[in-house]
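Before any comments, here is the structure.
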Amino acid sequence: MFQTDIIEKCKQNNRKAQMQLYNQYCNGMYIVAKRFIANDAEAEDVVQEAFIKAFSKLEQYQAEVTFGAWLKRIVINTSIDTLKANKKRLIELDEAHLKIVDNEYDDKWLVDDTVTINDIKQTIDNLPEKYKYVVMLYLLEGYDHQEISNILNISEVASRTQLYRGKKIVQEQLTKKQHGTRY
């Protein structure tokens, strides 16, 4: 059965098609939710809630992007909403204290070959929340600054600045860990 056929059946509340779509995407969406939500059960709840939202708003899906990308955006927004509901507020920086960071050094982000992906993920997880989500959305999820500003409800300038500062902290922490001065 083709993807568009499954989606059309889901729009008609066909439970079998909905289950097929759920089974196809649930594991991938769980991984996305886990990047934001540390607790396994809470991440599962986020995925369930995201699927409920997706199925209830399926008429709004216009196939401008793949269904997976559309659903991923719902999972990310639901994850962030869950964090906000748990009083884990995103901290916005005052616009007056921001500087625009958009130069050739912004995309140069090199780490030593001995640094593992788990080291990087752990370091990102330990970032202050105001940097953590921007870094995750940009580096791990591949969103650009305009998309991040829409998702997190911040300006593009704030997104660029928070990414720059977050990446700088990650590099410093990984360098300290590598040279043994911190851990």
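Following the order of the structure tokens, chains are lettered A, B, ..., residues in each are numbered from 1, and ligands are numbered from 1.
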
If you run DSSP over the backbone, which residues in segment 33-63 of chain A end up alpha helix (DSSP H)? Put them as a list in words.
-> Ala33, Lys34, Asp40, Ala41, Glu42, Ala43, Glu44, Asp45, Val46, Val47, Gln48, Glu49, Ala50, Phe51, Ile52, Lys53, Ala54, Phe55 and Ser56 of chain A

With N, CA and C atoms kept, could you save the residues just selected as a short mmCIF file (atom, residue, chain, number, x, y, z; two decimals), in the first residue's frame?
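This is the output file part26.cif:
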data_model
loop_
_atom_site.label_atom_id
_atom_site.label_comp_id
_atom_site.auth_asym_id
_atom_site.auth_seq_id
_atom_site.Cartn_x
_atom_site.Cartn_y
_atom_site.Cartn_z
N ALA A 33 11.71 12.25 20.36
CA ALA A 33 11.20 12.70 21.66
C ALA A 33 12.24 12.50 22.76
N LYS A 34 13.00 11.41 22.71
CA LYS A 34 14.01 11.14 23.73
C LYS A 34 15.13 12.16 23.72
N ASP A 40 11.87 7.86 29.95
CA ASP A 40 11.36 6.97 28.90
C ASP A 40 9.84 7.00 28.80
N ALA A 41 9.17 6.86 29.93
CA ALA A 41 7.71 6.82 29.93
C ALA A 41 7.12 8.14 29.45
N GLU A 42 7.74 9.23 29.85
CA GLU A 42 7.26 10.55 29.42
C GLU A 42 7.48 10.75 27.93
N ALA A 43 8.60 10.23 27.41
CA ALA A 43 8.86 10.32 25.97
C ALA A 43 7.83 9.49 25.19
N GLU A 44 7.47 8.34 25.72
CA GLU A 44 6.43 7.52 25.09
C GLU A 44 5.10 8.26 25.09
N ASP A 45 4.79 8.95 26.19
CA ASP A 45 3.57 9.74 26.26
C ASP A 45 3.57 10.86 25.23
N VAL A 46 4.72 11.48 25.05
CA VAL A 46 4.85 12.55 24.05
C VAL A 46 4.55 12.01 22.66
N VAL A 47 5.10 10.84 22.35
CA VAL A 47 4.87 10.23 21.04
C VAL A 47 3.39 9.92 20.85
N GLN A 48 2.75 9.36 21.88
CA GLN A 48 1.33 9.04 21.80
C GLN A 48 0.51 10.30 21.56
N GLU A 49 0.82 11.35 22.33
CA GLU A 49 0.10 12.61 22.19
C GLU A 49 0.32 13.22 20.81
N ALA A 50 1.54 13.10 20.30
CA ALA A 50 1.84 13.63 18.98
C ALA A 50 1.06 12.90 17.89
N PHE A 51 0.94 11.59 18.02
CA PHE A 51 0.15 10.83 17.04
C PHE A 51 -1.33 11.20 17.12
N ILE A 52 -1.83 11.40 18.33
CA ILE A 52 -3.23 11.81 18.48
C ILE A 52 -3.44 13.16 17.80
N LYS A 53 -2.52 14.11 18.03
CA LYS A 53 -2.61 15.41 17.37
C LYS A 53 -2.53 15.26 15.86
N ALA A 54 -1.60 14.43 15.40
CA ALA A 54 -1.42 14.25 13.95
C ALA A 54 -2.68 13.66 13.31
N PHE A 55 -3.25 12.64 13.93
CA PHE A 55 -4.45 12.02 13.36
C PHE A 55 -5.65 12.97 13.41
N SER A 56 -5.72 13.80 14.46
CA SER A 56 -6.85 14.73 14.54
C SER A 56 -6.69 15.91 13.58
#

If you count only C-alpha atoms, which residues fall within 12 Å of Asp5 of chain A, apart from same-chain ones fewer than 2 positions away, as an MDAnalysis selection string?
-> chainID A and resid 1:3 7:12 14 17:18 20:21

Just the residues within 9 Å of segment 113-126 of chain A, please, counting only C-alpha atoms, with nothing from its chain fewer than 5 positions along; format it as a ChimeraX atom specification.
-> /A:35-36,131-133,135-136,166-167,169-171,173-174,178

Dump of all heavy atoms for the selected residues, as a compact mmCIF listing (two decimals), in the first residue's frame:
# COMPACT_ATOMS: atom_id res chain seq x y z
N ARG A 35 15.34 12.83 22.61
CA ARG A 35 16.37 13.88 22.57
C ARG A 35 15.98 15.06 23.45
O ARG A 35 16.83 15.83 23.88
CB ARG A 35 16.60 14.35 21.14
CG ARG A 35 17.28 13.30 20.29
CD ARG A 35 17.57 13.83 18.91
NE ARG A 35 18.14 12.78 18.09
CZ ARG A 35 17.85 12.58 16.83
NH1 ARG A 35 16.99 13.36 16.22
NH2 ARG A 35 18.41 11.61 16.15
N PHE A 36 14.68 15.21 23.69
CA PHE A 36 14.19 16.32 24.50
C PHE A 36 13.76 15.87 25.89
O PHE A 36 13.95 16.58 26.87
CB PHE A 36 12.99 16.99 23.81
CG PHE A 36 13.35 17.69 22.56
CD1 PHE A 36 13.38 17.02 21.35
CD2 PHE A 36 13.69 19.04 22.58
CE1 PHE A 36 13.74 17.69 20.18
CE2 PHE A 36 14.04 19.70 21.43
CZ PHE A 36 14.07 19.02 20.22
N TYR A 131 20.31 27.20 25.62
CA TYR A 131 21.18 26.82 24.51
C TYR A 131 20.88 25.41 24.00
O TYR A 131 20.99 25.14 22.81
CB TYR A 131 22.65 26.87 24.93
CG TYR A 131 23.09 28.20 25.49
CD1 TYR A 131 23.82 28.26 26.66
CD2 TYR A 131 22.79 29.39 24.85
CE1 TYR A 131 24.25 29.47 27.19
CE2 TYR A 131 23.20 30.61 25.37
CZ TYR A 131 23.93 30.63 26.54
OH TYR A 131 24.32 31.83 27.05
N LYS A 132 20.50 24.54 24.92
CA LYS A 132 20.33 23.12 24.62
C LYS A 132 19.37 22.87 23.45
O LYS A 132 19.70 22.14 22.52
CB LYS A 132 19.82 22.41 25.87
CG LYS A 132 19.53 20.94 25.71
CD LYS A 132 19.04 20.39 27.03
CE LYS A 132 18.66 18.96 26.95
NZ LYS A 132 18.24 18.43 28.26
N TYR A 133 18.20 23.49 23.48
CA TYR A 133 17.19 23.19 22.48
C TYR A 133 17.57 23.73 21.11
O TYR A 133 17.34 23.09 20.09
CB TYR A 133 15.82 23.70 22.92
CG TYR A 133 15.40 23.06 24.22
CD1 TYR A 133 15.16 23.81 25.36
CD2 TYR A 133 15.29 21.68 24.32
CE1 TYR A 133 14.82 23.21 26.55
CE2 TYR A 133 14.95 21.08 25.52
CZ TYR A 133 14.72 21.85 26.63
OH TYR A 133 14.39 21.26 27.81
N VAL A 135 20.68 24.14 20.03
CA VAL A 135 21.76 23.27 19.55
C VAL A 135 21.19 21.94 19.05
O VAL A 135 21.56 21.45 17.97
CB VAL A 135 22.82 23.04 20.66
CG1 VAL A 135 23.82 21.97 20.24
CG2 VAL A 135 23.54 24.34 20.97
N MET A 136 20.26 21.36 19.80
CA MET A 136 19.65 20.09 19.39
C MET A 136 18.90 20.23 18.08
O MET A 136 19.04 19.41 17.17
CB MET A 136 18.71 19.58 20.49
CG MET A 136 19.43 19.04 21.69
SD MET A 136 18.32 18.63 23.06
CE MET A 136 17.26 17.42 22.32
N GLY A 166 26.01 28.04 22.60
CA GLY A 166 25.88 26.63 22.98
C GLY A 166 26.98 25.78 22.38
O GLY A 166 27.57 24.92 23.07
N LYS A 167 27.27 26.00 21.09
CA LYS A 167 28.35 25.24 20.45
C LYS A 167 29.70 25.56 21.10
O LYS A 167 30.53 24.67 21.27
CB LYS A 167 28.41 25.55 18.95
CG LYS A 167 27.29 24.90 18.18
CD LYS A 167 27.32 24.99 16.69
CE LYS A 167 28.21 25.90 15.98
NZ LYS A 167 28.05 25.91 14.53
N ILE A 169 30.22 26.38 24.24
CA ILE A 169 30.26 25.66 25.52
C ILE A 169 30.55 24.18 25.29
O ILE A 169 31.37 23.58 25.99
CB ILE A 169 28.93 25.84 26.30
CG1 ILE A 169 28.78 27.29 26.76
CG2 ILE A 169 28.87 24.89 27.49
CD1 ILE A 169 27.40 27.62 27.32
N VAL A 170 29.89 23.59 24.29
CA VAL A 170 30.11 22.17 23.99
C VAL A 170 31.57 21.94 23.64
O VAL A 170 32.21 21.01 24.14
CB VAL A 170 29.18 21.69 22.85
CG1 VAL A 170 29.59 20.30 22.36
CG2 VAL A 170 27.73 21.66 23.32
N GLN A 171 32.14 22.79 22.77
CA GLN A 171 33.54 22.64 22.40
C GLN A 171 34.46 22.77 23.61
O GLN A 171 35.40 21.99 23.76
CB GLN A 171 33.93 23.68 21.35
CG GLN A 171 33.49 23.31 19.96
CD GLN A 171 34.02 24.30 18.94
OE1 GLN A 171 33.79 25.49 19.06
NE2 GLN A 171 34.71 23.79 17.95
N GLN A 173 33.75 22.21 26.78
CA GLN A 173 33.58 21.05 27.66
C GLN A 173 34.29 19.83 27.08
O GLN A 173 34.93 19.07 27.82
CB GLN A 173 32.09 20.74 27.88
CG GLN A 173 31.35 21.81 28.63
CD GLN A 173 31.86 21.98 30.05
OE1 GLN A 173 32.17 21.02 30.73
NE2 GLN A 173 31.99 23.23 30.47
N LEU A 174 34.18 19.63 25.78
CA LEU A 174 34.82 18.47 25.16
C LEU A 174 36.34 18.61 25.17
O LEU A 174 37.06 17.63 25.36
CB LEU A 174 34.30 18.28 23.73
CG LEU A 174 32.85 17.85 23.62
CD1 LEU A 174 32.40 17.84 22.16
CD2 LEU A 174 32.61 16.49 24.26
N GLN A 178 38.86 16.12 27.12
CA GLN A 178 39.94 15.45 26.39
C GLN A 178 41.29 15.68 27.08
O GLN A 178 42.10 14.78 27.17
CB GLN A 178 39.98 16.00 24.96
CG GLN A 178 41.11 15.41 24.15
CD GLN A 178 41.26 16.11 22.81
OE1 GLN A 178 40.56 17.06 22.53
NE2 GLN A 178 42.18 15.64 22.02

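Atom pair atom CA of Met19 of chain A / atom CA of Glu141 of chain A: separated by 25.4 Å.
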
Contacts of Trp70 of chain A at 9 Å or less, counting only C-alpha atoms, minus same-chain residues fewer than 6 places along, as a ChimeraX atom specification?
-> /A:54,61,63-64

Okay, now the selection with all heavy atoms, as a JSON list (two decimals), in the first residue's frame?
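Saved as result_23.json:
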[["chain", "number", "residue", "atom", "x", "y", "z"],
["A", 54, "ALA", "N", -1.60, 14.43, 15.40],
["A", 54, "ALA", "CA", -1.42, 14.25, 13.95],
["A", 54, "ALA", "C", -2.68, 13.66, 13.31],
["A", 54, "ALA", "O", -3.13, 14.15, 12.27],
["A", 54, "ALA", "CB", -0.22, 13.34, 13.68],
["A", 61, "TYR", "N", -2.65, 18.22, 6.69],
["A", 61, "TYR", "CA", -1.45, 17.74, 6.00],
["A", 61, "TYR", "C", -1.68, 17.84, 4.49],
["A", 61, "TYR", "O", -2.59, 17.22, 3.96],
["A", 61, "TYR", "CB", -1.12, 16.31, 6.41],
["A", 61, "TYR", "CG", 0.03, 15.71, 5.63],
["A", 61, "TYR", "CD1", 1.31, 16.22, 5.78],
["A", 61, "TYR", "CD2", -0.18, 14.67, 4.75],
["A", 61, "TYR", "CE1", 2.37, 15.69, 5.07],
["A", 61, "TYR", "CE2", 0.87, 14.13, 4.03],
["A", 61, "TYR", "CZ", 2.14, 14.64, 4.19],
["A", 61, "TYR", "OH", 3.18, 14.12, 3.47],
["A", 63, "ALA", "N", 0.94, 17.42, 2.13],
["A", 63, "ALA", "CA", 2.03, 16.72, 1.43],
["A", 63, "ALA", "C", 3.05, 17.69, 0.83],
["A", 63, "ALA", "O", 3.70, 17.38, -0.15],
["A", 63, "ALA", "CB", 1.47, 15.78, 0.37],
["A", 64, "GLU", "N", 3.18, 18.88, 1.43],
["A", 64, "GLU", "CA", 4.22, 19.82, 0.99],
["A", 64, "GLU", "C", 5.59, 19.31, 1.42],
["A", 64, "GLU", "O", 6.60, 19.60, 0.79],
["A", 64, "GLU", "CB", 3.96, 21.20, 1.57],
["A", 64, "GLU", "CG", 2.69, 21.83, 1.04],
["A", 64, "GLU", "CD", 2.23, 23.04, 1.86],
["A", 64, "GLU", "OE1", 2.82, 23.31, 2.92],
["A", 64, "GLU", "OE2", 1.28, 23.69, 1.42]]

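Of the listed residues A:Val134, A:Thr175, A:Ser79, A:Tyr22, the one whose atoms come nearest to Val157 of chain A is A:Val134, with distances taken using only C-alpha atoms.
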
Identify which of the residues A:Arg165, A:Lys176, A:Arg73, A:Lys16 lies closest to Ile148 of chain A, counting only C-alpha atoms when measuring atom-to-atom distances.
-> A:Arg73

In Å and to one decimal, atom CA of Gln62 of chain A is distant from atom CA of Leu140 of chain A by 25.5 Å
